[in-house]
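Written out below as structure tokens is the structure these notes cover.
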Amino acid sequence: MSIEDVLSRIDSDLPAATERLLELLRIPSISTDPAYKADCDRAADWLVADLQSMGIDASKRATPGHPMVVGHLGDGGPHLLFYGHYDVQPVDPLNLWDRDPFDPEVQDTPKGKVIRGRGSSDDKGQLMTFVEALRAWKEVKGDWPCRITFFLEGEEESGSPSLVPFMKENAEELKTDVALICDTGLFESKTPAIVTMLRGLLGEELTVKAASKDLHSGMYGGIAMNPIRALSKVIAGLHDETGRVTIPGFYDGVPELPDELEAQWQGLAFNHEAFLSDVGLAIPAGEQDRTPLEMIWSRPTCEVNGIWGGYTGDGFKTVLPSMAHAKISFRLVGSQDPLAIRENFRTMVEDALPDDCEVTFHGHGASGASGADISGPMFEQARQALSEEWNVPAAYIGCGGSIPIAGHFQQILGTEPMLIGFGKDDDALHSPNEKYDMESFHKGIRSWARILDALT
């Protein structure tokens, strides 16, 4: 039996595969809300039963939070791990949904058929593309393509508090040659892609205090230091006129983009004007000597996420506030050290404040960037398989966001992550009316079958 036989089976079994996905989507596995704890448990049970029905040695593993699902199959060839998560985001505001978020259905839209429901794209639909590819493979060939470990999480949408301890306790069981992660998307909703760069994240909250209490601006205006003024000057000084971040040592560990990747990214013909116009903007605001894709994927950032102080209610209050606050986040790349950046940032703020001001800081996370080593043959084999399925050259791309699990695979298991997903830009992740295109589900299943064939 050839890969074409497996692909034909996927095509003929698509209605049944869709029904299985709809059944999983009906389980309201909202991990962040304790009221849905039993439903998260039920989703894990559903996955265990589905994997076992295929002859996979699968079990539910208890954690202090929601359970993990771990499964093993095969006994030869490369050893692959597949990671996905079965938990979903809350559905609020419910009134903005066109139907019950946990009563999913296949809908006809002007752009084609979609699967509508919470978790359809993030991440149950993506997770099931891999499961269905293996189901078709086993039914056609009677055996597995290679050794595969399933690692399915139930807390991804609530910060994964149990993930790292579980990985450390079960490291030997989870170590594989490569970790396949299906929680990303197509580039511009049309080009298959393997994400090879993920930015790290550092968060800082700061409070600048001046006077011992709020002051009347008529009595104290002009003579007393206003902490909002002091904080605004600090924030204004975080970038120079070219968009470059001015924190000392900030660019230590930031690599230049390899020529091969730069050429590939240029070949994507990214339309930054259309990208920005979708949100009412027009001009790239990052480092002016960098391309728009570099700004999003391979360059670090410093952004103010919130700033407040004084009277912000209706009307007007002529007050000099005693305190001003800001939240600032940094997206990191390469080998930037988040703790060193935190220290340098705090020193820079302290040095920039006038004598009558003092500052306190509160850190919010500090994780470095992660990047996959694509020099091994598996990455290029997978890229070629994706290209064959989508009839478009697949690309190695970056991701502006942070997916911590990728770094955990590298740091805890010594396993390279390979991030491949089939979501589209308009899937409404975390939002009302979430959907997953039927094309993404169908071709996602076919893509994994081709990748498995190429890797083995």
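Ordering of the structure tokens sets the chain letters (A, B, ...), residue numbers begin anew at 1 in every chain, and ligands are numbered from 1 in the order given.
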
Practice item. Compile the contact shell of Phe275 (chain A) as an MDAnalysis selection string: residues with an atom at most 12 Å away, counting only C-alpha atoms, same-chain residues fewer than 6 positions apart removed. Key: chainID A and resid 188 269 281:284 292:293 296 425

Could you write out that same residue set with C-alpha atoms as a PDB file, in the first residue's frame?
```
ATOM      1  CA  GLU A 188      -1.329  34.604   5.366  1.00  0.00           C
ATOM      2  CA  ALA A 269       5.942  38.744  -0.622  1.00  0.00           C
ATOM      3  CA  LEU A 281      -2.638  51.701  10.389  1.00  0.00           C
ATOM      4  CA  ALA A 282      -0.186  52.217   7.538  1.00  0.00           C
ATOM      5  CA  ILE A 283       3.456  52.703   8.581  1.00  0.00           C
ATOM      6  CA  PRO A 284       5.781  50.118  10.225  1.00  0.00           C
ATOM      7  CA  PRO A 292       8.404  44.292   8.247  1.00  0.00           C
ATOM      8  CA  LEU A 293       8.714  40.510   8.634  1.00  0.00           C
ATOM      9  CA  ILE A 296       7.437  40.758  13.604  1.00  0.00           C
ATOM     10  CA  ASP A 425      -5.836  34.348  10.222  1.00  0.00           C
TER      11      ASP A 425
END
```

Practice item. Tell me, as a list in words, which residues lie within 8 Å of Ala385 (chain A), counting only C-alpha atoms; anything in the same chain fewer than 6 positions away does not count. Key: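 That gives Ser447, Arg450, Ile451 and Ala454 of chain A.
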
Practice item. Apply DSSP to the structure's backbone, then extract all residues of region 146-282 of chain A labelled strand (DSSP E or B) and return them as a PyMOL selection string. Key: chain A and resi 147-153+178-181+185+187+191+193-198+200-209+215-216+239+245

What lies within 8 Å of Ala210 (chain A) using only C-alpha atoms, ignoring chain neighbours under 2 positions off, as a PDB file with N, CA and C atoms, in the first residue's frame?
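Below you can see selection_27.pdb, which holds the result:
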```pdb
ATOM      1  N   VAL A 208       5.825  54.653  39.909  1.00  0.00           N
ATOM      2  CA  VAL A 208       6.658  55.807  40.266  1.00  0.00           C
ATOM      3  C   VAL A 208       5.899  56.626  41.302  1.00  0.00           C
ATOM      4  N   SER A 212       3.670  62.431  49.035  1.00  0.00           N
ATOM      5  CA  SER A 212       3.086  61.463  49.968  1.00  0.00           C
ATOM      6  C   SER A 212       1.584  61.307  49.786  1.00  0.00           C
ATOM      7  N   MET A 225       6.954  67.797  41.870  1.00  0.00           N
ATOM      8  CA  MET A 225       7.174  66.864  40.768  1.00  0.00           C
ATOM      9  C   MET A 225       5.924  66.011  40.543  1.00  0.00           C
ATOM     10  N   ASN A 226       5.503  65.928  39.302  1.00  0.00           N
ATOM     11  CA  ASN A 226       4.373  65.086  38.911  1.00  0.00           C
ATOM     12  C   ASN A 226       4.927  63.740  38.445  1.00  0.00           C
ATOM     13  N   PRO A 227       4.576  62.616  39.095  1.00  0.00           N
ATOM     14  CA  PRO A 227       5.144  61.320  38.704  1.00  0.00           C
ATOM     15  C   PRO A 227       4.735  60.877  37.299  1.00  0.00           C
ATOM     16  N   SER A 322      -0.051  61.246  43.314  1.00  0.00           N
ATOM     17  CA  SER A 322       1.152  60.859  44.053  1.00  0.00           C
ATOM     18  C   SER A 322       1.880  59.706  43.383  1.00  0.00           C
ATOM     19  N   MET A 323       1.161  58.963  42.510  1.00  0.00           N
ATOM     20  CA  MET A 323       1.770  57.795  41.871  1.00  0.00           C
ATOM     21  C   MET A 323       1.359  57.702  40.399  1.00  0.00           C
ATOM     22  N   ASP A 356      13.131  63.537  43.547  1.00  0.00           N
ATOM     23  CA  ASP A 356      11.916  63.481  44.360  1.00  0.00           C
ATOM     24  C   ASP A 356      11.018  62.288  44.015  1.00  0.00           C
ATOM     25  N   CYS A 357      11.482  61.398  43.165  1.00  0.00           N
ATOM     26  CA  CYS A 357      10.688  60.228  42.783  1.00  0.00           C
ATOM     27  C   CYS A 357      11.398  58.947  43.188  1.00  0.00           C
ATOM     28  N   GLU A 358      10.612  57.946  43.514  1.00  0.00           N
ATOM     29  CA  GLU A 358      11.140  56.614  43.757  1.00  0.00           C
ATOM     30  C   GLU A 358      10.290  55.619  42.963  1.00  0.00           C
TER      31      GLU A 358
END
```

Exercise for review: Enumerate, as a list of chain:residue names, the complete set of residues in region 140-220 of chain A that a backbone-based DSSP assignment places in helix (DSSP H, G or I).
Suggested key: A:Val140, A:Lys141, A:Glu156, A:Glu157, A:Ser158, A:Leu163, A:Val164, A:Pro165, A:Phe166, A:Met167, A:Lys168, A:Glu169, A:Ala171, A:Glu172, A:Glu173, A:Leu174, A:Ser217, A:Gly218, A:Met219, A:Tyr220

Can those selected residues be exported to a file as a PDB file, in the first residue's frame so that it contains C-alpha atoms?
```pdb
ATOM      1  CA  VAL A 140      -4.754   1.048   5.169  1.00  0.00           C
ATOM      2  CA  LYS A 141      -1.333  -0.331   6.075  1.00  0.00           C
ATOM      3  CA  GLU A 156      -2.483  25.219  27.947  1.00  0.00           C
ATOM      4  CA  GLU A 157      -5.132  27.943  28.000  1.00  0.00           C
ATOM      5  CA  SER A 158      -4.616  28.558  31.725  1.00  0.00           C
ATOM      6  CA  LEU A 163       3.311  21.006  32.483  1.00  0.00           C
ATOM      7  CA  VAL A 164       6.940  21.542  33.523  1.00  0.00           C
ATOM      8  CA  PRO A 165       6.754  19.389  36.674  1.00  0.00           C
ATOM      9  CA  PHE A 166       5.111  16.591  34.672  1.00  0.00           C
ATOM     10  CA  MET A 167       7.732  16.806  31.938  1.00  0.00           C
ATOM     11  CA  LYS A 168      10.572  16.700  34.457  1.00  0.00           C
ATOM     12  CA  GLU A 169       9.050  13.726  36.317  1.00  0.00           C
ATOM     13  CA  ALA A 171      11.395  13.016  30.999  1.00  0.00           C
ATOM     14  CA  GLU A 172      12.684   9.577  30.075  1.00  0.00           C
ATOM     15  CA  GLU A 173       9.279   8.480  28.826  1.00  0.00           C
ATOM     16  CA  LEU A 174       8.772  11.649  26.783  1.00  0.00           C
ATOM     17  CA  SER A 217      -2.627  71.468  41.188  1.00  0.00           C
ATOM     18  CA  GLY A 218      -3.294  75.116  41.982  1.00  0.00           C
ATOM     19  CA  MET A 219      -1.349  75.009  45.229  1.00  0.00           C
ATOM     20  CA  TYR A 220       1.439  72.644  44.142  1.00  0.00           C
TER      21      TYR A 220
END
```

Exercise for review: Provide the CA of Met378 (chain A) to CA of Leu257 (chain A) distance in Å, to one decimal place.
Suggested key: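 Spanning CA of Met378 (chain A) to CA of Leu257 (chain A) is a straight-line distance of 21.5 Å.
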
Practice item. For each of A:Gly315, A:Pro417, A:Gly185, A:Pro192, take the minimum atom-to-atom distance to Val392 (chain A), counting only C-alpha atoms, then give the residue where this is smallest. Key: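 Between A:Gly315, A:Pro417, A:Gly185, A:Pro192, the residue approaching Val392 (chain A) most closely is A:Pro192.
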
Exercise for review: Return the single residue from A:Asp123, A:Glu241, A:Asp11, A:Asp39 that is closest to Ile27 (chain A), with distances computed using only C-alpha atoms.
Suggested key: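 Residue with the minimum atom-to-atom distance to Ile27 (chain A): A:Asp39.
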
Point to revise | Surrounding residues of region 132-136 of chain A excluding itself and chain neighbours under 6 positions, 12 Å, only C-alpha atoms, as a PyMOL selection string | key: chain A and resi 1+3-21+50-56+73-74+82+124-126+142-148+150+441-453

Practice item. Choose the residue, out of A:Ser162, A:Ser329, A:Thr149, A:Ser31, that has the smallest atom-to-atom separation from Asp57 (chain A); count only C-alpha atoms. Key: A:Thr149
